[in-house]
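Q: upload_30.csv is reproduced below (CSV, C-alpha atoms).
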chain,number,residue,atom,x,y,z
A,195,MET,CA,18.4,30.8,11.0
A,196,ASN,CA,18.1,30.7,7.2
A,197,ALA,CA,16.2,28.2,5.1
A,198,GLU,CA,19.3,26.2,4.1
A,199,ASN,CA,20.3,25.7,7.7
A,200,MET,CA,16.8,24.7,8.6
A,201,HIS,CA,16.6,22.4,5.6
A,202,ALA,CA,19.8,20.8,6.9
A,203,ARG,CA,17.3,19.5,9.4
A,204,ALA,CA,17.7,21.6,12.5
A,205,GLY,CA,21.4,22.1,12.5
A,206,GLU,CA,23.8,23.2,15.2
A,207,ALA,CA,21.8,26.3,16.2
A,208,MET,CA,18.8,24.2,17.2
A,209,PRO,CA,19.9,20.6,17.6
A,210,SER,CA,16.8,19.8,19.6
A,211,LEU,CA,14.7,19.9,16.4
A,212,ALA,CA,16.6,17.1,14.7
A,213,GLY,CA,14.5,14.5,16.4
A,214,LEU,CA,11.3,15.9,14.9
A,215,GLU,CA,12.3,14.5,11.6
A,216,LEU,CA,11.5,11.0,12.9
A,217,LEU,CA,7.9,11.9,13.8
A,218,ALA,CA,5.0,10.7,11.8
A,219,SER,CA,3.0,13.8,12.6
A,220,ALA,CA,3.6,17.2,11.0
A,221,VAL,CA,5.5,19.7,13.2
A,222,VAL,CA,5.8,23.4,12.3
A,223,LEU,CA,7.8,26.1,14.1
A,224,VAL,CA,6.4,29.6,13.7
A,225,ASP,CA,8.3,32.8,14.7
A,226,GLY,CA,6.8,35.9,16.4
A,227,ALA,CA,5.7,37.3,13.0
A,228,GLY,CA,3.8,34.1,12.1
A,229,GLN,CA,6.5,33.1,9.6
A,230,ILE,CA,7.3,29.4,9.2
A,231,ALA,CA,10.8,28.9,10.6
A,232,TYR,CA,10.9,25.1,10.4
A,233,ALA,CA,8.8,22.2,9.1
A,234,ASN,CA,9.7,18.5,9.4
A,235,ALA,CA,9.4,16.0,6.6
A,236,ALA,CA,5.9,15.0,7.6
A,237,ALA,CA,4.8,18.7,7.6
A,238,GLU,CA,6.2,19.0,4.0
A,239,ASN,CA,4.1,16.0,3.0
A,240,LEU,CA,1.0,17.3,4.7
A,241,LEU,CA,1.3,20.9,3.3
A,242,GLU,CA,2.5,19.5,-0.1
A,243,SER,CA,5.4,22.0,-0.2
A,244,SER,CA,9.1,22.0,0.5
A,245,LEU,CA,10.7,23.7,3.6
A,246,LYS,CA,12.5,26.0,1.2
A,247,ALA,CA,9.2,27.3,-0.1
A,248,LEU,CA,7.4,27.2,3.2
A,249,SER,CA,10.1,29.3,5.0
A,250,ARG,CA,9.2,32.3,2.8
A,251,GLN,CA,5.5,32.2,3.9
A,252,LYS,CA,3.3,32.7,6.9
A,253,LEU,CA,1.5,29.6,8.2
A,254,SER,CA,-1.8,31.4,7.9
A,255,ALA,CA,-1.2,31.7,4.1
A,256,GLN,CA,-1.5,27.9,3.8
A,257,PHE,CA,-5.2,27.9,4.7
A,258,LEU,CA,-8.4,29.7,3.8
A,259,ASN,CA,-9.7,29.8,7.4
A,260,PRO,CA,-6.6,30.3,9.6
A,261,GLU,CA,-8.4,32.4,12.2
A,262,GLU,CA,-8.9,29.7,14.8
A,263,LEU,CA,-5.3,28.5,14.5
A,264,GLU,CA,-4.0,32.0,14.7
A,265,HIS,CA,-6.1,32.7,17.8
A,266,ILE,CA,-4.6,29.6,19.5
A,267,CYS,CA,-1.0,30.8,18.6
A,268,VAL,CA,-1.8,34.2,20.2
A,269,GLN,CA,-2.9,32.5,23.4
A,270,ALA,CA,0.2,30.4,23.4
A,271,ARG,CA,2.5,33.5,23.1
A,272,GLN,CA,0.6,35.0,26.0
A,273,HIS,CA,1.4,31.8,28.0
A,274,LYS,CA,-2.2,31.2,28.8
A,275,PHE,CA,-1.6,27.4,28.8
A,276,ALA,CA,1.3,25.0,28.6
A,277,ASP,CA,-0.1,23.5,25.4
A,278,LEU,CA,-3.5,23.5,23.8
A,279,ARG,CA,-5.0,20.5,22.0
A,280,GLN,CA,-7.9,21.1,19.6
A,281,ASP,CA,-9.5,19.5,16.5
A,282,LEU,CA,-9.4,21.7,13.5
A,283,THR,CA,-10.7,21.6,9.9
A,284,LEU,CA,-8.3,23.7,7.8
A,285,GLU,CA,-9.6,24.6,4.3
A,286,ARG,CA,-7.2,24.8,1.4
A,287,ALA,CA,-7.6,26.3,-2.1
A,288,GLY,CA,-8.2,23.7,-4.7
A,289,ARG,CA,-7.5,20.8,-2.4
A,290,ASP,CA,-9.3,18.7,0.2
A,291,PRO,CA,-9.6,20.2,3.7
A,292,LEU,CA,-7.3,18.9,6.4
A,293,HIS,CA,-9.0,17.4,9.4
A,294,VAL,CA,-6.3,17.5,12.1
A,295,HIS,CA,-5.7,17.3,15.8
A,296,SER,CA,-3.5,20.3,16.7
A,297,ILE,CA,-1.1,20.6,19.7
A,298,VAL,CA,0.2,24.2,20.1
A,299,SER,CA,3.0,25.0,22.6
A,300,ALA,CA,5.0,28.2,23.2
A,301,LEU,CA,8.8,27.9,23.4
A,302,GLU,CA,11.0,29.8,25.8
A,303,GLU,CA,13.9,29.8,23.3
A,304,PRO,CA,13.8,31.1,20.7
A,305,ARG,CA,11.5,33.7,22.2
A,306,ASP,CA,8.0,34.2,20.7
A,307,HIS,CA,8.3,31.0,18.7
A,308,ILE,CA,5.4,28.5,18.6
A,309,LEU,CA,5.6,24.8,18.0
A,310,ILE,CA,2.6,23.4,16.3
A,311,GLU,CA,2.0,19.7,15.8
A,312,LEU,CA,-0.7,18.6,13.4
A,313,ARG,CA,-2.0,15.0,13.3
A,314,GLU,CA,-4.3,13.9,10.6
A,315,HIS,CA,-7.3,11.9,11.8
A,316,LEU,CA,-7.1,9.7,8.8
A,317,GLN,CA,-3.4,8.9,9.7
A,318,HIS,CA,-4.5,7.2,12.9
A,319,LEU,CA,-7.2,5.2,11.1
A,320,LYS,CA,-4.8,4.2,8.4
A,321,LEU,CA,-2.2,2.9,11.0
A,322,ASP,CA,-4.9,1.0,12.9
A,323,ARG,CA,-6.1,-0.5,9.6
A,324,GLU,CA,-2.6,-1.6,8.5
A,325,GLU,CA,-2.0,-3.1,11.9
A,326,ARG,CA,-5.2,-5.1,11.7
A,327,MET,CA,-4.4,-6.2,8.1
A,328,LEU,CA,-0.9,-7.3,9.2
A,329,ASP,CA,-2.3,-9.4,12.1
A,330,GLN,CA,-5.0,-10.9,10.0
A,331,SER,CA,-2.5,-11.8,7.3
A,332,GLN,CA,-0.4,-13.7,9.8
A,333,VAL,CA,-3.4,-15.6,11.0
A,334,ASN,CA,-4.4,-16.3,7.4
A,335,LYS,CA,-0.9,-17.6,6.5
A,336,GLU,CA,-0.9,-20.0,9.5
A,337,LEU,CA,-4.5,-21.2,8.7
A,338,ILE,CA,-3.7,-21.7,5.0
A,339,ARG,CA,-0.5,-23.6,5.8
A,340,ASN,CA,-2.1,-25.9,8.3
A,341,LEU,CA,-5.3,-26.5,6.2
A,342,ALA,CA,-3.2,-27.2,3.1
A,343,HIS,CA,-1.2,-29.8,4.9
A,344,GLU,CA,-4.3,-31.4,6.3
A,345,ILE,CA,-5.8,-31.6,2.8
A,346,LYS,CA,-2.6,-32.7,1.1
A,347,ASN,CA,-2.0,-35.8,3.2
A,348,PRO,CA,-5.2,-37.7,2.5
A,349,LEU,CA,-5.3,-36.6,-1.2
A,350,GLY,CA,-2.5,-38.9,-2.2
A,351,GLY,CA,-4.3,-41.8,-0.5
A,352,ILE,CA,-7.6,-41.0,-2.2
A,353,ARG,CA,-5.9,-40.8,-5.6
A,354,GLY,CA,-3.9,-43.9,-5.1
A,355,ALA,CA,-7.0,-45.9,-4.0
A,356,ALA,CA,-8.9,-44.7,-7.1
A,357,GLN,CA,-6.1,-45.9,-9.3
A,358,LEU,CA,-5.9,-49.3,-7.6
A,359,LEU,CA,-9.7,-49.6,-7.8
A,360,GLU,CA,-9.6,-48.9,-11.5
A,361,MET,CA,-7.0,-51.7,-12.0
A,362,GLU,CA,-9.3,-54.1,-10.2
A,363,LEU,CA,-12.3,-53.4,-12.3
A,364,PRO,CA,-13.7,-56.4,-14.2
A,365,PRO,CA,-13.1,-56.0,-18.0
A,366,LEU,CA,-16.8,-56.4,-18.6
A,367,HIS,CA,-17.7,-53.2,-16.7
A,368,LEU,CA,-14.4,-51.3,-17.2
A,369,GLY,CA,-15.8,-48.9,-19.8
A,370,GLN,CA,-18.7,-47.9,-17.6
A,371,LEU,CA,-17.1,-47.7,-14.2
A,372,ARG,CA,-13.8,-46.2,-15.3
A,373,GLU,CA,-15.6,-42.9,-15.8
A,374,TYR,CA,-16.2,-42.7,-12.0
A,375,THR,CA,-12.6,-43.5,-11.0
A,376,GLN,CA,-11.4,-40.9,-13.4
A,377,VAL,CA,-13.6,-38.3,-11.8
A,378,ILE,CA,-12.0,-39.1,-8.4
A,379,ILE,CA,-8.5,-39.0,-9.9
A,380,LYS,CA,-9.1,-35.7,-11.7
A,381,GLU,CA,-10.7,-34.0,-8.7
A,382,ALA,CA,-7.8,-35.1,-6.5
A,383,ASP,CA,-5.4,-33.6,-9.0
A,384,ARG,CA,-7.3,-30.4,-9.1
A,385,LEU,CA,-7.3,-30.1,-5.3
A,386,GLN,CA,-3.6,-31.0,-5.3
A,387,THR,CA,-2.9,-28.1,-7.7
A,388,LEU,CA,-4.9,-25.7,-5.5
A,389,VAL,CA,-3.0,-26.9,-2.4
A,390,ASP,CA,0.3,-26.4,-4.2
A,391,ARG,CA,-0.7,-22.8,-5.1
A,392,LEU,CA,-1.7,-22.1,-1.4
A,393,LEU,CA,1.7,-23.4,-0.2
A,394,ALA,CA,3.8,-21.8,-3.0
A,395,PRO,CA,4.7,-18.5,-1.3
A,396,HIS,CA,6.0,-20.4,1.8
A,397,ARG,CA,8.0,-23.0,-0.1
A,398,ARG,CA,9.8,-20.8,-2.6
A,399,PRO,CA,13.1,-19.3,-1.4
A,400,HIS,CA,13.5,-15.6,-1.2
A,401,ILE,CA,16.1,-14.7,-3.9
A,402,VAL,CA,17.5,-11.2,-3.1
A,403,GLY,CA,19.2,-9.0,-5.7
A,404,ASP,CA,19.2,-5.4,-7.0
A,405,VAL,CA,15.8,-4.5,-8.3
A,406,ASN,CA,14.8,-1.6,-10.6
A,407,ILE,CA,11.1,-1.1,-10.1
A,408,HIS,CA,10.7,0.3,-13.6
A,409,GLU,CA,12.1,-2.9,-15.2
A,410,VAL,CA,9.5,-4.8,-13.2
A,411,CYS,CA,6.7,-2.5,-14.5
A,412,GLU,CA,7.9,-2.8,-18.0
A,413,ARG,CA,8.1,-6.6,-17.9
A,414,VAL,CA,4.5,-6.7,-16.6
A,415,ARG,CA,3.4,-4.1,-19.2
A,416,SER,CA,4.7,-6.3,-22.0
A,417,LEU,CA,3.0,-9.4,-20.7
A,418,ILE,CA,-0.4,-7.7,-20.3
A,419,LEU,CA,-0.2,-6.1,-23.7
A,420,ALA,CA,0.6,-9.4,-25.3
A,421,GLU,CA,-2.5,-10.9,-23.8
A,422,PHE,CA,-4.7,-7.8,-24.4
A,423,PRO,CA,-3.3,-6.3,-27.6
A,424,THR,CA,-6.2,-4.1,-28.5
A,425,GLY,CA,-8.7,-1.9,-26.6
A,426,LEU,CA,-6.3,-1.5,-23.6
A,427,ALA,CA,-3.9,1.4,-23.1
A,428,ILE,CA,-1.2,1.2,-20.4
A,429,ARG,CA,0.2,4.6,-19.4
A,430,ARG,CA,3.4,5.1,-17.5
A,431,ASP,CA,4.0,7.9,-15.0
A,432,TYR,CA,7.5,7.1,-13.6
A,433,ASP,CA,9.8,8.9,-11.2
A,434,ALA,CA,13.2,8.2,-12.7
A,435,SER,CA,15.0,9.3,-9.5
A,436,ILE,CA,13.8,6.2,-7.6
A,437,PRO,CA,16.9,4.2,-6.6
A,438,GLU,CA,17.4,0.4,-7.0
A,439,PHE,CA,16.8,-1.6,-3.8
A,440,ARG,CA,17.4,-5.1,-2.6
A,441,GLY,CA,14.5,-7.5,-3.2
A,442,ASP,CA,13.3,-10.6,-5.1
A,443,LYS,CA,12.7,-9.4,-8.6
A,444,GLU,CA,10.6,-12.4,-9.7
A,445,GLN,CA,8.3,-12.1,-6.6
A,446,LEU,CA,7.8,-8.4,-7.4
A,447,ILE,CA,7.0,-9.2,-11.1
A,448,GLN,CA,4.5,-11.8,-9.9
A,449,THR,CA,3.0,-9.2,-7.5
A,450,VAL,CA,2.5,-6.5,-10.1
A,451,LEU,CA,1.4,-9.0,-12.7
A,452,ASN,CA,-1.3,-10.4,-10.4
A,453,ILE,CA,-2.7,-7.0,-9.7
A,454,ALA,CA,-2.5,-5.7,-13.3
A,455,HIS,CA,-3.9,-9.0,-14.7
A,456,ASN,CA,-6.9,-8.8,-12.3
A,457,ALA,CA,-7.4,-5.2,-13.4
A,458,ALA,CA,-7.3,-6.1,-17.1
A,459,GLN,CA,-9.9,-8.9,-16.6
A,460,ALA,CA,-12.1,-6.4,-14.7
A,461,LEU,CA,-11.8,-4.0,-17.7
A,462,SER,CA,-13.3,-6.5,-20.2
A,463,ALA,CA,-16.3,-4.3,-21.0
A,464,ARG,CA,-14.1,-1.2,-21.5
A,465,ILE,CA,-11.6,-3.2,-23.6
A,466,GLU,CA,-14.5,-4.1,-25.9
A,467,ALA,CA,-15.4,-0.4,-26.1
A,468,GLY,CA,-11.8,0.5,-26.7
A,469,ASP,CA,-11.3,2.9,-23.8
A,470,ALA,CA,-9.8,0.7,-21.1
A,471,GLU,CA,-6.8,2.2,-19.3
A,472,LEU,CA,-4.2,1.0,-16.9
A,473,ILE,CA,-1.7,3.4,-15.2
A,474,PHE,CA,1.7,2.4,-13.7
A,475,LYS,CA,2.8,5.3,-11.5
A,476,THR,CA,5.9,5.5,-9.3
A,477,ARG,CA,6.8,8.0,-6.7
A,478,VAL,CA,9.0,8.4,-3.6
A,479,ALA,CA,7.2,8.7,-0.2
A,480,ARG,CA,8.9,10.2,2.8
A,481,GLN,CA,8.6,9.3,6.5
A,482,VAL,CA,6.4,6.3,6.0
A,483,THR,CA,5.3,3.7,8.6
A,484,LEU,CA,5.2,0.2,7.2
A,485,ALA,CA,4.3,-2.8,9.4
A,486,LYS,CA,4.9,-0.7,12.6
A,487,VAL,CA,8.4,0.4,11.4
A,488,ARG,CA,9.3,4.0,10.4
A,489,TYR,CA,11.2,4.5,7.2
A,490,GLY,CA,12.7,7.7,5.8
A,491,LEU,CA,12.1,6.8,2.2
A,492,ALA,CA,9.7,4.3,0.5
A,493,LEU,CA,8.7,3.3,-3.0
A,494,ASP,CA,5.1,4.4,-3.8
A,495,LEU,CA,3.8,2.3,-6.7
A,496,HIS,CA,0.3,2.7,-8.0
A,497,ILE,CA,-1.5,0.4,-10.4
A,498,ILE,CA,-4.7,2.3,-11.4
A,499,ASP,CA,-7.5,1.2,-13.7
A,500,ASN,CA,-10.7,2.8,-14.9
A,501,GLY,CA,-12.8,-0.4,-14.5
A,502,PRO,CA,-16.1,-0.9,-12.6
A,503,GLY,CA,-14.4,-1.0,-9.2
A,504,ILE,CA,-14.4,-3.7,-6.5
A,505,ALA,CA,-17.8,-4.8,-5.1
A,506,PRO,CA,-18.4,-3.2,-1.7
A,507,GLN,CA,-19.3,-6.5,-0.1
A,508,ILE,CA,-15.8,-7.9,-0.7
A,509,ARG,CA,-13.7,-4.7,-0.6
A,510,ASP,CA,-12.5,-5.3,2.9
A,511,ARG,CA,-11.7,-9.0,2.2
A,512,ILE,CA,-10.0,-8.9,-1.2
A,513,PHE,CA,-6.6,-10.0,0.2
A,514,TYR,CA,-8.2,-13.0,2.0
A,515,PRO,CA,-7.5,-16.4,0.3
A,516,LEU,CA,-10.3,-17.8,-1.9
A,517,VAL,CA,-12.2,-14.4,-2.1
A,518,SER,CA,-12.7,-13.4,-5.7
A,519,GLY,CA,-14.9,-10.8,-7.4
A,520,ARG,CA,-14.8,-12.7,-10.7
A,521,GLU,CA,-16.7,-15.8,-11.6
A,522,GLY,CA,-14.3,-18.7,-11.9
A,523,GLY,CA,-11.5,-16.8,-10.1
A,524,SER,CA,-9.4,-18.7,-7.6
A,525,GLY,CA,-9.1,-15.8,-5.1
A,526,LEU,CA,-5.4,-16.4,-4.7
A,527,GLY,CA,-3.8,-13.7,-6.9
A,528,LEU,CA,-4.1,-10.9,-4.4
A,529,THR,CA,-3.3,-13.1,-1.4
A,530,LEU,CA,-0.1,-14.1,-3.2
A,531,ALA,CA,0.7,-10.5,-4.0
A,532,GLN,CA,0.2,-9.4,-0.4
A,533,THR,CA,2.4,-12.2,0.9
A,534,PHE,CA,5.3,-11.3,-1.5
A,535,VAL,CA,5.0,-7.6,-0.5
A,536,GLN,CA,5.0,-8.4,3.2
A,537,GLN,CA,8.2,-10.5,2.6
A,538,HIS,CA,9.7,-7.2,1.4
A,539,LEU,CA,8.5,-5.4,4.6
A,540,GLY,CA,5.9,-3.5,2.6
A,541,VAL,CA,2.1,-3.1,2.5
A,542,ILE,CA,-0.6,-3.0,-0.2
A,543,GLU,CA,-3.5,-0.6,0.0
A,544,CYS,CA,-6.5,-0.3,-2.2
A,545,GLU,CA,-8.9,2.5,-3.0
A,546,SER,CA,-11.8,1.7,-5.3
A,547,ARG,CA,-15.0,3.3,-6.6
A,548,PRO,CA,-16.8,2.9,-9.9
A,549,GLY,CA,-14.5,4.0,-12.7
A,550,TYR,CA,-11.4,4.1,-10.5
A,551,THR,CA,-9.4,1.5,-8.7
A,552,ASP,CA,-6.0,2.2,-7.2
A,553,PHE,CA,-3.7,-0.5,-5.8
A,554,ARG,CA,-0.9,1.1,-3.9
A,555,ILE,CA,2.3,-0.8,-3.0
A,556,LEU,CA,4.7,0.8,-0.5
A,557,LEU,CA,8.1,-0.7,0.0
A,558,PRO,CA,11.0,0.6,2.0
A,559,LEU,CA,13.9,2.1,0.1
A,560,PRO,CA,17.6,2.4,1.2
Please rewrite the model in this file as structure tokens.
A:
Amino acid sequence: MNAENMHARAGEAMPSLAGLELLASAVVLVDGAGQIAYANAAAENLLESSLKALSRQKLSAQFLNPEELEHICVQARQHKFADLRQDLTLERAGRDPLHVHSIVSALEEPRDHILIELREHLQHLKLDREERMLDQSQVNKELIRNLAHEIKNPLGGIRGAAQLLEMELPPLHLGQLREYTQVIIKEADRLQTLVDRLLAPHRRPHIVGDVNIHEVCERVRSLILAEFPTGLAIRRDYDASIPEFRGDKEQLIQTVLNIAHNAAQALSARIEAGDAELIFKTRVARQVTLAKVRYGLALDLHIIDNGPGIAPQIRDRIFYPLVSGREGGSGLGLTLAQTFVQQHLGVIECESRPGYTDFRILLPLP
């Protein structure tokens, strides 16, 4: 079978391979000479190469230390086991090593062919983390909604009572005592504004239309540069092939703006030094699991800054409401962003260290 037929995703000659395209783990079919005969989409992502390129190479050529994997394949061809499961560390030139759990099986047809499944250890951790984040987000939303309503109801009564009290104050002491009633009224208004912001994502209707993610990024870029005209450079690294998709454009603008604005505020020291940088980067990800659902294609949007990074003590809680790493921050910007992304069936991930913070938004594409 030639590369084009294989790239047609296990065509008529080997229809049983077609289902492998749906797997999250990488699957490679190796012939008797050790040549790669087939690789599913997850394997293309793992090996960072297309099937067309891989089909001209041996699997052993992908790694600096293929001996252990080759030994397992030899044993499989000798039918010493039905399948062998083993943890491997596969070194690669100029790239991070792959820490994988391998499952190697010999096929009866085609003869001498070996089926190798490679599961990244990090992939399992990532899926578990996403599932926990999703469950925690649902709990947070219910808690916020209930708490906001409990606060909102008495607030109107407190504010109204303060206004009535102010009207009943004797003229002789009005100037002195009005200061206290105004404190009550202003604090009630402040809490009312906070409650309204907490409830905003659940109140606002989801307005769906065609969205071009680069128009969203450009809108946010212009808003950020208007607020920070000097000392901040915003670089664009766009994949122009990304198709339009159905979504709420205003919600996505607010999402990207909240993340980018937080980044710009964290870059204050670098803005003063004149070397602050934000990067908007778009790519297409293939065979991605989002909120427990598998998608063939997904938008992969990165918002990267060269700021001080997120403090370790709040790194795991940045999407929780009222958690902020900035003095005076409300801690609602990222919570709102996460809510909007989840309404689009996507997820937000974050990687941060001093000098580098990357917020990654993944959204399913048609």
Q: Report, in Å to a single decimal, how far apart CA of His367 (chain A) and CA of Asp383 (chain A) are.
A: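 About the pair CA of Asp383 (chain A) and CA of His367 (chain A): they are 24.4 Å apart.
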Q: Pick out the closest residue to Val298 (chain A) from this set: A:Val405, A:Ala356, A:Ala220, A:Leu371. Count all atoms listed in the file.
A: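 For Val298 (chain A), the nearest of the candidates is A:Ala220.
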Q: Calculated over only C-alpha atoms, which of the candidates A:Leu216, A:Leu495, A:Val221, A:Leu451 has the smallest distance to Gly527 (chain A)?
A: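 Result for the nearest residue to Gly527 (chain A): A:Leu451.
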Q: Could you please determine the separation between CA of Arg547 (chain A) and CA of Arg313 (chain A) in Å, to one decimal place?
A: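 Taking CA of Arg547 (chain A) as the start and CA of Arg313 (chain A) as the end point, the length is 26.5 Å.
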Q: In Å, how far is it from CA of Gly549 (chain A) to CA of Lys475 (chain A)?
A: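 Interatomic distance here is 17.4 Å.
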Q: Find, counting all atoms listed in the file, the residue in A:His307, A:Arg353, A:Arg554, A:Arg384 that gets nearest to Thr449 (chain A).
A: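 When distances to Thr449 (chain A) are compared using all atoms listed in the file, the smallest one comes from A:Arg554.
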Q: Select, from A:Ser244, A:Ile418, A:His273, A:Pro558, the residue with the minimum atom-to-atom distance to Gln481 (chain A), counting all atoms listed in the file.
A: A:Pro558
Q: Near Ile230 (chain A), within 8 Å and counting only C-alpha atoms, which residues show up once chain neighbours fewer than 5 positions away are dropped, as a short mmCIF file (atom, residue, chain, number, x, y, z; two decimals) with C-alpha atoms, keeping the file's coordinate frame?
A:
data_model
loop_
_atom_site.label_atom_id
_atom_site.label_comp_id
_atom_site.auth_asym_id
_atom_site.auth_seq_id
_atom_site.Cartn_x
_atom_site.Cartn_y
_atom_site.Cartn_z
CA VAL A 222 5.80 23.40 12.30
CA LEU A 223 7.80 26.10 14.10
CA VAL A 224 6.40 29.60 13.70
CA ASP A 225 8.30 32.80 14.70
CA LEU A 248 7.40 27.20 3.20
CA SER A 249 10.10 29.30 5.00
CA ARG A 250 9.20 32.30 2.80
CA GLN A 251 5.50 32.20 3.90
CA LYS A 252 3.30 32.70 6.90
CA LEU A 253 1.50 29.60 8.20
#
Q: So which one's closest to Glu466 (chain A), A:Thr424, A:Ser219, A:Gln229, A:Gln507? Using only C-alpha atoms, please.
A: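 Once distances to Glu466 (chain A) are computed over only C-alpha atoms, the minimum belongs to A:Thr424.
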Q: I'd like to know which of A:Arg429, A:Val414, A:Leu526, A:Arg509 is closest to Cys544 (chain A), using only C-alpha atoms.
A: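 The answer is A:Arg509, which sits nearest to Cys544 (chain A).
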Q: Would you list the contacts of Ala458 (chain A) as a VMD selection string, taking every protein, DNA or RNA residue within 9 Å and counting only C-alpha atoms, but skipping same-chain residues closer than 2 positions in sequence?
A: chain A and resid 418 422 426 453 to 456 460 to 462 465 470 to 472 499 501
Q: Generate the output file for the selected residues, C-alpha atoms, as a PDB file, in the frame of the given file.
A:
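So the final result, stored in again23.pdb, reads:
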ATOM      1  CA  ILE A 418      -0.400  -7.700 -20.300  1.00  0.00           C
ATOM      2  CA  PHE A 422      -4.700  -7.800 -24.400  1.00  0.00           C
ATOM      3  CA  LEU A 426      -6.300  -1.500 -23.600  1.00  0.00           C
ATOM      4  CA  ILE A 453      -2.700  -7.000  -9.700  1.00  0.00           C
ATOM      5  CA  ALA A 454      -2.500  -5.700 -13.300  1.00  0.00           C
ATOM      6  CA  HIS A 455      -3.900  -9.000 -14.700  1.00  0.00           C
ATOM      7  CA  ASN A 456      -6.900  -8.800 -12.300  1.00  0.00           C
ATOM      8  CA  ALA A 460     -12.100  -6.400 -14.700  1.00  0.00           C
ATOM      9  CA  LEU A 461     -11.800  -4.000 -17.700  1.00  0.00           C
ATOM     10  CA  SER A 462     -13.300  -6.500 -20.200  1.00  0.00           C
ATOM     11  CA  ILE A 465     -11.600  -3.200 -23.600  1.00  0.00           C
ATOM     12  CA  ALA A 470      -9.800   0.700 -21.100  1.00  0.00           C
ATOM     13  CA  GLU A 471      -6.800   2.200 -19.300  1.00  0.00           C
ATOM     14  CA  LEU A 472      -4.200   1.000 -16.900  1.00  0.00           C
ATOM     15  CA  ASP A 499      -7.500   1.200 -13.700  1.00  0.00           C
ATOM     16  CA  GLY A 501     -12.800  -0.400 -14.500  1.00  0.00           C
TER      17      GLY A 501
END
Q: Show which residues sit within 10 Å of His293 (chain A), as a ChimeraX atom specification. Count all atoms listed in the file, and ignore same-chain residues fewer than 3 positions away.
A: /A:281-285,290,296,312-316
Q: Any chance you can output those residues with C-alpha atoms as a CSV table (one decimal), in the coordinates of the input?
A:
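Wrote out.csv, looks like this:
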chain,number,residue,atom,x,y,z
A,281,ASP,CA,-9.5,19.5,16.5
A,282,LEU,CA,-9.4,21.7,13.5
A,283,THR,CA,-10.7,21.6,9.9
A,284,LEU,CA,-8.3,23.7,7.8
A,285,GLU,CA,-9.6,24.6,4.3
A,290,ASP,CA,-9.3,18.7,0.2
A,296,SER,CA,-3.5,20.3,16.7
A,312,LEU,CA,-0.7,18.6,13.4
A,313,ARG,CA,-2.0,15.0,13.3
A,314,GLU,CA,-4.3,13.9,10.6
A,315,HIS,CA,-7.3,11.9,11.8
A,316,LEU,CA,-7.1,9.7,8.8
Q: Fewer than 6 positions away in the same chain doesn't count, so skip those; otherwise give me all residues within 10 Å of Asp404 (chain A), counting all atoms listed in the file, as a ChimeraX atom specification.
A: /A:437-443
Q: If we count only C-alpha atoms and set the cut-off at 10 Å, which residues sit around Arg271 (chain A), ignoring sequence neighbours fewer than 6 positions away in its own chain? Please answer as a list in words.
A: Gly226, Ser299, Ala300, Leu301, Glu302, Arg305, Asp306, His307 and Ile308 of chain A
